[in-house]
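**Q** One file: start_21.txt (compact mmCIF, C-alpha atoms and all ligand atoms).
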# COMPACT_ATOMS: atom_id res chain seq x y z
CA MET A 1 -11.87 -6.02 -5.62
CA LYS A 2 -12.37 -8.25 -2.59
CA ALA A 3 -10.70 -7.12 0.65
CA ALA A 4 -10.73 -7.71 4.42
CA VAL A 5 -12.15 -4.41 5.70
CA LEU A 6 -11.99 -3.26 9.33
CA THR A 7 -15.44 -1.77 10.02
CA ALA A 8 -14.84 -0.83 13.70
CA TYR A 9 -11.95 -1.01 16.17
CA GLY A 10 -12.16 -4.08 18.42
CA SER A 11 -12.86 -7.75 17.85
CA ALA A 12 -11.99 -9.92 14.84
CA ASN A 13 -15.74 -10.03 14.05
CA ASN A 14 -15.39 -6.40 12.91
CA ILE A 15 -13.37 -7.56 9.89
CA LYS A 16 -15.73 -8.04 6.93
CA ILE A 17 -14.79 -9.52 3.57
CA LYS A 18 -16.28 -7.01 1.11
CA GLU A 19 -16.15 -5.65 -2.42
CA VAL A 20 -14.38 -2.26 -2.48
CA PRO A 21 -13.27 -0.08 -5.45
CA ASP A 22 -10.08 -1.22 -7.21
CA PRO A 23 -7.08 1.03 -6.41
CA ILE A 24 -5.72 3.16 -9.28
CA PRO A 25 -1.93 3.68 -9.43
CA GLU A 26 -0.54 7.22 -9.40
CA ASN A 27 2.35 8.37 -11.58
CA ASN A 28 5.10 6.73 -9.47
CA GLU A 29 3.11 3.70 -8.34
CA LEU A 30 2.70 0.07 -9.34
CA LEU A 31 -0.58 -1.82 -9.23
CA ILE A 32 0.07 -5.24 -7.72
CA LYS A 33 -2.18 -8.28 -7.95
CA ILE A 34 -1.63 -9.82 -4.54
CA HIS A 35 -0.94 -13.56 -4.47
CA THR A 36 -0.11 -13.82 -0.74
CA CYS A 37 -0.34 -11.58 2.32
CA THR A 38 -0.04 -12.26 6.06
CA VAL A 39 -2.02 -11.82 9.27
CA SER A 40 0.29 -10.75 12.12
CA ALA A 41 0.21 -9.87 15.81
CA ALA A 42 0.66 -6.24 14.74
CA ASP A 43 -2.52 -6.45 12.60
CA CYS A 44 -4.42 -7.61 15.68
CA GLU A 45 -2.92 -4.79 17.79
CA VAL A 46 -3.97 -2.18 15.19
CA ARG A 47 -7.45 -3.71 14.92
CA ARG A 48 -7.95 -3.57 18.71
CA PHE A 49 -6.10 -0.24 18.71
CA ASP A 50 -3.92 -1.71 21.39
CA ILE A 51 -1.32 1.00 20.78
CA GLN A 52 0.92 2.36 23.49
CA PRO A 53 0.21 5.90 24.82
CA LEU A 54 3.19 7.50 23.03
CA PHE A 55 1.67 6.80 19.60
CA TRP A 56 -2.04 6.35 20.46
CA LEU A 57 -3.40 9.82 19.69
CA PRO A 58 -1.32 10.64 16.58
CA LEU A 59 -2.19 7.26 15.05
CA ARG A 60 -5.85 7.51 16.02
CA LEU A 61 -6.07 10.97 14.44
CA MET A 62 -4.47 9.52 11.33
CA THR A 63 -6.70 6.45 10.97
CA GLY A 64 -10.02 7.77 12.38
CA LEU A 65 -10.84 8.94 15.92
CA PHE A 66 -14.10 7.03 16.55
CA LYS A 67 -14.01 4.40 13.78
CA PRO A 68 -11.49 3.46 11.10
CA ARG A 69 -11.78 5.94 8.21
CA LYS A 70 -8.38 5.54 6.55
CA ASN A 71 -6.23 2.41 6.29
CA LYS A 72 -9.31 0.21 6.79
CA ILE A 73 -7.60 -2.69 5.05
CA LEU A 74 -4.94 -4.19 7.34
CA GLY A 75 -1.98 -6.39 6.38
CA GLN A 76 1.65 -5.31 6.35
CA GLU A 77 3.12 -7.71 3.81
CA PHE A 78 2.39 -8.67 0.22
CA ALA A 79 3.80 -10.79 -2.58
CA GLY A 80 2.36 -10.74 -6.07
CA GLU A 81 2.59 -9.59 -9.67
CA VAL A 82 2.79 -6.10 -11.19
CA ILE A 83 -0.23 -5.65 -13.46
CA ALA A 84 -0.01 -1.90 -14.22
CA VAL A 85 2.55 0.88 -13.76
CA GLY A 86 2.27 4.67 -13.53
CA ALA A 87 4.00 6.72 -16.25
CA GLY A 88 6.85 7.69 -13.88
CA VAL A 89 7.78 4.15 -12.81
CA ARG A 90 11.37 3.25 -13.78
CA HIS A 91 12.38 0.01 -12.04
CA PHE A 92 9.43 -2.33 -12.56
CA ARG A 93 7.40 -3.57 -15.53
CA ILE A 94 4.07 -5.28 -16.01
CA GLY A 95 4.52 -9.00 -15.28
CA ASP A 96 7.31 -8.56 -12.69
CA LEU A 97 6.96 -10.76 -9.60
CA VAL A 98 7.52 -8.69 -6.45
CA PHE A 99 7.16 -8.68 -2.68
CA GLY A 100 7.39 -6.08 0.03
CA SER A 101 5.86 -4.08 2.82
CA GLY A 102 2.61 -2.12 2.82
CA GLY A 103 4.23 0.38 5.22
CA ILE A 104 2.17 2.42 7.63
CA GLN A 105 -0.82 2.41 5.23
CA MET A 106 -0.91 -1.43 5.37
CA GLY A 107 -3.66 -2.45 2.89
CA CYS A 108 -2.22 -5.84 1.88
CA GLN A 109 -5.22 -8.03 2.86
CA ALA A 110 -6.88 -7.43 -0.51
CA GLU A 111 -6.78 -8.60 -4.11
CA TYR A 112 -4.90 -5.52 -5.36
CA LYS A 113 -2.65 -2.85 -3.90
CA CYS A 114 -0.87 0.28 -5.15
CA LYS A 115 2.69 0.79 -3.97
CA ASN A 116 5.44 3.31 -4.72
CA GLU A 117 8.48 1.79 -6.41
CA ILE A 118 11.10 3.40 -4.15
CA THR A 119 11.25 1.50 -0.87
CA GLY A 120 9.92 -1.68 0.70
CA ILE A 121 9.54 -3.55 -2.59
CA ILE A 122 11.88 -5.76 -4.63
CA HIS A 123 11.70 -8.41 -7.33
CA LYS A 124 10.98 -11.86 -5.90
CA PRO A 125 14.00 -14.13 -6.50
CA PRO A 126 12.92 -17.16 -8.58
CA GLY A 127 14.10 -19.66 -5.94
CA ILE A 128 11.58 -18.61 -3.29
CA THR A 129 7.81 -19.05 -3.28
CA PHE A 130 5.15 -16.33 -2.80
CA GLU A 131 4.36 -17.96 0.57
CA GLU A 132 7.98 -17.68 1.68
CA ALA A 133 8.56 -14.18 0.29
CA VAL A 134 5.58 -12.67 2.07
CA THR A 135 7.00 -13.58 5.51
CA ILE A 136 10.17 -11.53 4.95
CA PRO A 137 9.15 -7.84 5.32
CA LEU A 138 8.00 -8.14 8.95
CA GLY A 139 9.68 -11.19 10.47
CA GLY A 140 12.84 -11.36 8.39
CA LEU A 141 13.62 -7.66 8.27
CA ASN A 142 12.99 -6.98 11.95
CA ALA A 143 15.04 -10.00 13.03
CA LEU A 144 17.91 -9.04 10.72
CA HIS A 145 17.88 -5.41 11.88
CA TYR A 146 17.75 -6.09 15.63
CA LEU A 147 20.33 -8.88 15.54
CA ARG A 148 22.75 -6.72 13.55
CA LYS A 149 22.48 -4.15 16.32
CA ALA A 150 23.20 -6.87 18.88
CA ASN A 151 26.54 -7.66 17.22
CA ILE A 152 26.46 -11.30 18.37
CA THR A 153 29.72 -13.29 18.50
CA SER A 154 30.19 -17.05 18.82
CA ASN A 155 31.07 -16.67 22.53
CA ASP A 156 27.77 -14.97 23.42
CA ARG A 157 24.92 -16.49 25.36
CA VAL A 158 21.77 -15.20 23.64
CA LEU A 159 18.22 -15.20 25.03
CA ILE A 160 15.30 -14.66 22.64
CA ILE A 161 11.98 -13.99 24.41
CA GLY A 162 8.81 -14.59 22.36
CA ALA A 163 10.81 -16.61 19.83
CA GLY A 164 7.95 -18.60 18.30
CA GLY A 165 6.30 -15.94 16.14
CA SER A 166 7.00 -13.99 12.95
CA ILE A 167 10.11 -12.13 14.14
CA GLY A 168 11.37 -14.72 16.62
CA THR A 169 11.54 -17.70 14.26
CA TYR A 170 13.74 -15.68 11.90
CA ALA A 171 15.80 -14.38 14.85
CA VAL A 172 16.52 -17.89 16.17
CA GLN A 173 17.77 -19.05 12.77
CA LEU A 174 19.86 -15.94 12.12
CA ALA A 175 21.34 -15.93 15.65
CA SER A 176 22.20 -19.64 15.53
CA LYS A 177 24.28 -19.02 12.36
CA THR A 178 26.72 -16.96 14.50
CA GLY A 179 27.64 -20.04 16.57
CA ALA A 180 26.37 -18.37 19.77
CA HIS A 181 24.47 -20.39 22.39
CA ILE A 182 20.74 -19.68 21.89
CA THR A 183 18.12 -20.00 24.64
CA VAL A 184 14.50 -19.24 23.78
CA VAL A 185 11.53 -18.33 25.97
CA GLU A 186 8.14 -19.49 24.66
CA SER A 187 5.41 -21.94 25.54
CA GLY A 188 3.59 -25.11 24.43
CA GLU A 189 4.13 -26.73 21.04
CA LYS A 190 6.33 -23.88 19.85
CA LEU A 191 9.19 -25.17 22.02
CA GLU A 192 9.79 -28.33 19.92
CA MET A 193 9.64 -26.30 16.69
CA LEU A 194 12.21 -23.86 18.11
CA LYS A 195 14.62 -26.69 18.95
CA ALA A 196 14.26 -27.91 15.37
CA ILE A 197 15.26 -24.52 13.92
CA GLY A 198 18.35 -23.93 16.08
CA ALA A 199 17.52 -23.22 19.73
CA ASN A 200 20.04 -24.89 22.06
CA LYS A 201 17.83 -24.53 25.12
CA VAL A 202 14.12 -23.80 25.59
CA ILE A 203 12.35 -22.28 28.57
CA ASP A 204 8.56 -22.48 28.95
CA TYR A 205 7.55 -19.06 30.30
CA LYS A 206 4.36 -20.54 31.76
CA LYS A 207 6.43 -22.91 33.95
CA GLU A 208 9.76 -21.18 34.64
CA ASP A 209 10.94 -17.63 35.38
CA PHE A 210 14.22 -17.25 33.48
CA TRP A 211 15.26 -14.17 35.49
CA LEU A 212 15.34 -16.23 38.72
CA SER A 213 18.02 -18.58 37.34
CA LYS A 214 21.77 -18.04 37.86
CA THR A 215 22.34 -18.06 34.08
CA LYS A 216 23.12 -14.63 32.67
CA TYR A 217 22.97 -13.60 29.01
CA ASP A 218 25.20 -11.39 26.89
CA VAL A 219 22.31 -10.53 24.57
CA ILE A 220 18.60 -10.51 25.32
CA PHE A 221 16.39 -9.93 22.28
CA ASP A 222 12.93 -9.31 23.73
CA VAL A 223 10.43 -9.84 20.90
CA SER A 224 7.26 -10.09 22.99
CA VAL A 225 8.21 -7.28 25.48
CA LYS A 226 5.84 -8.70 28.11
CA THR A 227 8.27 -9.94 30.77
CA GLY A 228 9.04 -6.57 32.36
CA TYR A 229 12.09 -4.35 32.06
CA SER A 230 13.78 -4.98 35.46
CA LYS A 231 13.49 -8.76 35.14
CA CYS A 232 15.17 -8.70 31.73
CA ILE A 233 17.94 -6.34 32.84
CA SER A 234 18.60 -8.54 35.91
CA ALA A 235 19.26 -11.49 33.57
CA LEU A 236 22.02 -9.66 31.66
CA ALA A 237 25.71 -10.53 32.11
CA THR A 238 28.26 -7.72 32.60
CA ASN A 239 28.44 -5.67 29.37
CA GLY A 240 25.17 -7.27 28.22
CA ARG A 241 22.88 -5.86 25.54
CA TYR A 242 19.07 -5.71 25.92
CA ILE A 243 17.13 -5.16 22.69
CA PRO A 244 13.34 -4.78 22.89
CA ALA A 245 11.35 -5.07 19.64
CA ASP A 246 8.82 -2.52 20.92
CA TYR A 247 9.02 0.26 23.48
CA SER A 248 7.12 2.79 25.56
CA LEU A 249 8.21 6.20 26.82
CA SER A 250 9.05 4.67 30.21
CA LEU A 251 11.20 1.98 28.56
CA LEU A 252 13.01 4.69 26.58
CA LEU A 253 13.84 6.62 29.76
CA ARG A 254 14.85 3.55 31.78
CA GLY A 255 16.94 2.27 28.88
CA PHE A 256 18.77 5.60 28.70
CA MET A 257 19.55 5.46 32.43
CA THR A 258 20.74 1.82 32.27
CA THR A 259 23.05 2.60 29.34
CA LEU A 260 24.40 5.73 31.05
CA PHE A 261 25.00 4.36 34.55
CA THR A 262 25.73 0.61 34.19
CA SER A 263 27.93 -1.67 32.08
CA ASN A 264 24.81 -2.83 30.20
CA LYS A 265 23.46 -1.30 27.05
CA VAL A 266 19.81 -0.96 26.04
CA ILE A 267 19.50 -0.74 22.27
CA ILE A 268 16.34 1.02 21.13
CA THR A 269 15.85 1.12 17.40
CA LEU A 270 13.28 0.60 14.65
CA ALA A 271 13.74 -1.50 11.51
CA GLY A 272 12.85 0.26 8.27
CA ASP A 273 11.75 -1.17 4.93
CA LYS A 274 15.14 -1.24 3.23
CA ASN A 275 15.22 -2.98 -0.14
CA GLU A 276 18.77 -4.28 0.45
CA ASP A 277 17.57 -6.00 3.66
CA LEU A 278 14.61 -7.59 1.84
CA LEU A 279 17.07 -8.96 -0.71
CA GLU A 280 19.54 -10.17 1.93
CA VAL A 281 16.88 -12.25 3.70
CA ALA A 282 15.43 -13.51 0.40
CA LYS A 283 18.90 -14.69 -0.69
CA LEU A 284 19.41 -16.51 2.62
CA ILE A 285 16.16 -18.39 1.95
CA GLU A 286 16.95 -19.01 -1.71
CA ASN A 287 20.37 -20.42 -0.74
CA LYS A 288 18.72 -22.64 1.90
CA ASN A 289 20.59 -20.99 4.81
CA ILE A 290 17.30 -20.31 6.60
CA LYS A 291 13.68 -21.38 6.08
CA PRO A 292 10.61 -19.30 6.93
CA VAL A 293 8.31 -20.94 9.49
CA ILE A 294 4.78 -20.87 8.06
CA GLY A 295 2.42 -21.95 10.83
CA LYS A 296 -0.73 -22.13 8.70
CA THR A 297 -2.15 -20.85 5.43
CA PHE A 298 -5.61 -19.28 5.07
CA SER A 299 -7.86 -17.92 2.31
CA LEU A 300 -8.88 -14.24 2.16
CA GLU A 301 -12.30 -15.21 3.59
CA GLU A 302 -10.57 -16.84 6.58
CA ILE A 303 -8.73 -13.67 7.69
CA PRO A 304 -11.09 -13.07 10.68
CA GLU A 305 -10.45 -16.67 11.78
CA ALA A 306 -6.66 -16.18 11.43
CA ASN A 307 -7.00 -13.14 13.75
CA ARG A 308 -8.90 -15.25 16.32
CA GLN A 309 -6.25 -17.98 16.23
CA ILE A 310 -3.48 -15.42 16.84
CA GLU A 311 -5.36 -14.12 19.87
CA LYS A 312 -5.64 -17.68 21.20
CA GLY A 313 -1.83 -18.03 20.98
CA LEU A 314 -2.06 -20.59 18.15
CA LYS A 315 0.34 -18.94 15.70
CA GLN A 316 3.73 -20.52 15.03
CA GLY A 317 5.99 -18.40 12.82
CA SER A 318 3.91 -16.49 10.23
CA PHE A 319 0.28 -16.92 9.16
CA VAL A 320 0.12 -16.68 5.36
CA VAL A 321 -3.02 -15.86 3.34
CA ARG A 322 -3.30 -17.18 -0.22
CA VAL A 323 -5.28 -14.44 -1.94
CA SER A 324 -5.13 -15.78 -5.48
N1 LIG B 401 4.94 -5.12 12.68
C1 LIG B 401 6.16 -4.66 12.78
O1 LIG B 401 6.77 -4.17 11.82
C2 LIG B 401 6.82 -4.75 14.09
C3 LIG B 401 8.09 -4.29 14.20
C4 LIG B 401 8.72 -4.41 15.43
C5 LIG B 401 8.03 -4.91 16.51
N2 LIG B 401 6.76 -5.31 16.39
C6 LIG B 401 6.07 -5.85 17.57
O2 LIG B 401 6.82 -6.95 18.03
C7 LIG B 401 5.97 -7.86 18.68
C8 LIG B 401 6.23 -9.27 18.21
O3 LIG B 401 5.94 -9.38 16.83
P1 LIG B 401 5.72 -10.80 16.15
O4 LIG B 401 5.09 -10.51 14.84
O5 LIG B 401 6.95 -11.63 16.17
O6 LIG B 401 4.63 -11.41 17.15
P2 LIG B 401 4.14 -12.91 17.30
O7 LIG B 401 4.27 -13.59 15.99
O8 LIG B 401 2.84 -12.89 17.99
O9 LIG B 401 5.25 -13.54 18.31
C9 LIG B 401 5.33 -13.18 19.64
C10 LIG B 401 5.46 -14.45 20.46
O10 LIG B 401 5.66 -14.10 21.84
C11 LIG B 401 4.99 -15.07 22.65
N3 LIG B 401 4.78 -14.53 23.98
C12 LIG B 401 3.73 -13.84 24.48
N4 LIG B 401 3.95 -13.53 25.78
C13 LIG B 401 5.17 -14.01 26.08
C14 LIG B 401 5.95 -14.01 27.28
N5 LIG B 401 5.53 -13.44 28.40
N6 LIG B 401 7.17 -14.61 27.24
C15 LIG B 401 7.61 -15.20 26.12
N7 LIG B 401 6.91 -15.23 24.96
C16 LIG B 401 5.71 -14.64 24.96
C17 LIG B 401 3.72 -15.33 21.87
O11 LIG B 401 3.19 -16.58 22.22
P3 LIG B 401 1.73 -16.77 22.87
O12 LIG B 401 0.85 -15.71 22.31
O13 LIG B 401 1.36 -18.16 22.51
O14 LIG B 401 1.98 -16.64 24.33
C18 LIG B 401 4.22 -15.31 20.43
O15 LIG B 401 4.59 -16.62 20.01
C19 LIG B 401 4.53 -7.40 18.43
O16 LIG B 401 4.02 -6.77 19.56
C20 LIG B 401 4.69 -6.41 17.29
O17 LIG B 401 3.74 -5.37 17.31
C21 LIG B 401 6.16 -5.27 15.18
Rewrite the structure from the file as structure tokens, please.
**A**
Amino acid sequence: MKAAVLTAYGSANNIKIKEVPDPIPENNELLIKIHTCTVSAADCEVRRFDIQPLFWLPLRLMTGLFKPRKNKILGQEFAGEVIAVGAGVRHFRIGDLVFGSGGIQMGCQAEYKCKNEITGIIHKPPGITFEEAVTIPLGGLNALHYLRKANITSNDRVLIIGAGGSIGTYAVQLASKTGAHITVVESGEKLEMLKAIGANKVIDYKKEDFWLSKTKYDVIFDVSVKTGYSKCISALATNGRYIPADYSLSLLLRGFMTTLFTSNKVIITLAGDKNEDLLEVAKLIENKNIKPVIGKTFSLEEIPEANRQIEKGLKQGSFVVRVS
């Protein structure tokens, strides 16, 4: 099969489109012909091995200390068709249309992928396209998970930092459904798009420091986690909640202290790959309550270029790859 293979950690030029052996499903696995996959910020971070110290060594030992040896095909999300099933598979049949998450092994930027049938995979509802479905496992699920934890009410002032990407564009739409007042922090052309999908106020982080304003927020969902902990905490109202989408050991410790000694709460959590969450987001799309933001579509051969565009800050919403 054809796949985007990471030949060395580092630049996007290290991704080569190559022929590799077709995967063979084990007893409890499905073989999926991939129709669409995505290229995400997380793919670029794994490629550069831009991984925070807490996880750096364990992950490097897992994937290859000096060069990638395992998980050489990146891509966290897939949508496609089941073309073979192992003898132990109970819930899927050949011909089923599915979508889901590649999990920690990734491997979705390819023509075929094997996947267990237990978690991180569901049938694609007929009312959504392969392009839409493939944006759900990363952006949709993370936004749903973190915003549930935030417990937003219609009286809340919500700030979403880094709102223009995969997770943020879902978060803005989900948060605006609560009736809360939504302010987003982003830059450039993404600001107009964010107004169109539900942001009440936009702040360009290249021109304005939100933490210097008098406005305080009940909920800060920090998707990009680049502003700095103290600045975000200083922008919280009394009894505010700060929810980072990523964290370091230092953030964990500081978050614990803030929660223990102040009225504010730092919520540190990870979204899983729950099938019921995949379905919940898919149904919201099918029922036209929300709409995935697809910045651009690419071919499999254009995956290195999609990586470069992400690193230039050119991605709005999700970047979708049409594999077949
Ligand atoms: N993969 C996962 O399952 C998963 C789960 C949880 C968290 N995460 C992490 O969460 C982060 C966001 O994920 P994503 O996929 O939504 O990324 P994304 O699509 O790149 O979106 C992040 C957005 O933040 C913007 N940004 C960068 N610096 C900023 C700043 N100082 N202030 C405000 N906005 C800023 C970026 O814009 P510009 O680049 O144009 O500045 C970009 O639009 C990533 O680091 C990812 O690893 C990933």
**Q** Between A:Phe49, A:Phe66, A:Tyr9, A:Phe261, single out the one closest to ligand LIG 401 (chain B), counting only C-alpha atoms and all ligand atoms.
**A** A:Phe49
**Q** Please measure the separation of atom CA of A:Thr36 and atom CA of A:Glu111, giving the value in Å to one decimal.
**A**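 Taking atom CA of A:Thr36 as the start and atom CA of A:Glu111 as the end point, the length is 9.1 Å.
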**Q** Counting all atoms listed in the file, name the residues that have an atom within 8 Å of an atom of ligand LIG 401 (chain B); the answer should be given as a ChimeraX atom specification.
**A** /A:40-43,45,76,137-139,142,161-169,185-188,190,204-206,223-227,245-246,270-271,310-318
**Q** Could you list, as an NGL selection string, every residue within 8 Å of A:Gly100, counting all atoms listed in the file and ignoring same-chain residues fewer than 2 positions away?
**A** :A and (77-79 or 98 or 102 or 120-122 or 134 or 136-137 or 278)
**Q** Quick one: everything within 12 Å of A:Thr63, counting only C-alpha atoms, minus sequence neighbours fewer than 5 positions away in the same chain. Send it as a list in words.
**A**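 The residues that qualify are Leu6, Ala8, Tyr9, Val46, Arg47, Phe49, Trp56, Leu57, Pro58, Pro68, Arg69, Lys70, Asn71, Lys72, Ile73, Leu74, Ile104, Gln105 and Met106 of chain A.
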**Q** Would you please work out which residue, of A:Met62, A:Ile290, A:Ala87, A:Cys44, is nearest to A:Ala196 when using all atoms listed in the file?
**A** A:Ile290
**Q** Find the spatial neighbours of A:Phe221, counting only C-alpha atoms, within a cut-off of 12 Å - ignore same-chain residues fewer than 3 positions away - and output them as a PyMOL selection string.
**A** chain A and resi 142-152+157-163+167-168+171-172+175+182-185+217-218+224-225+227+232-233+235-236+240-246+266-268
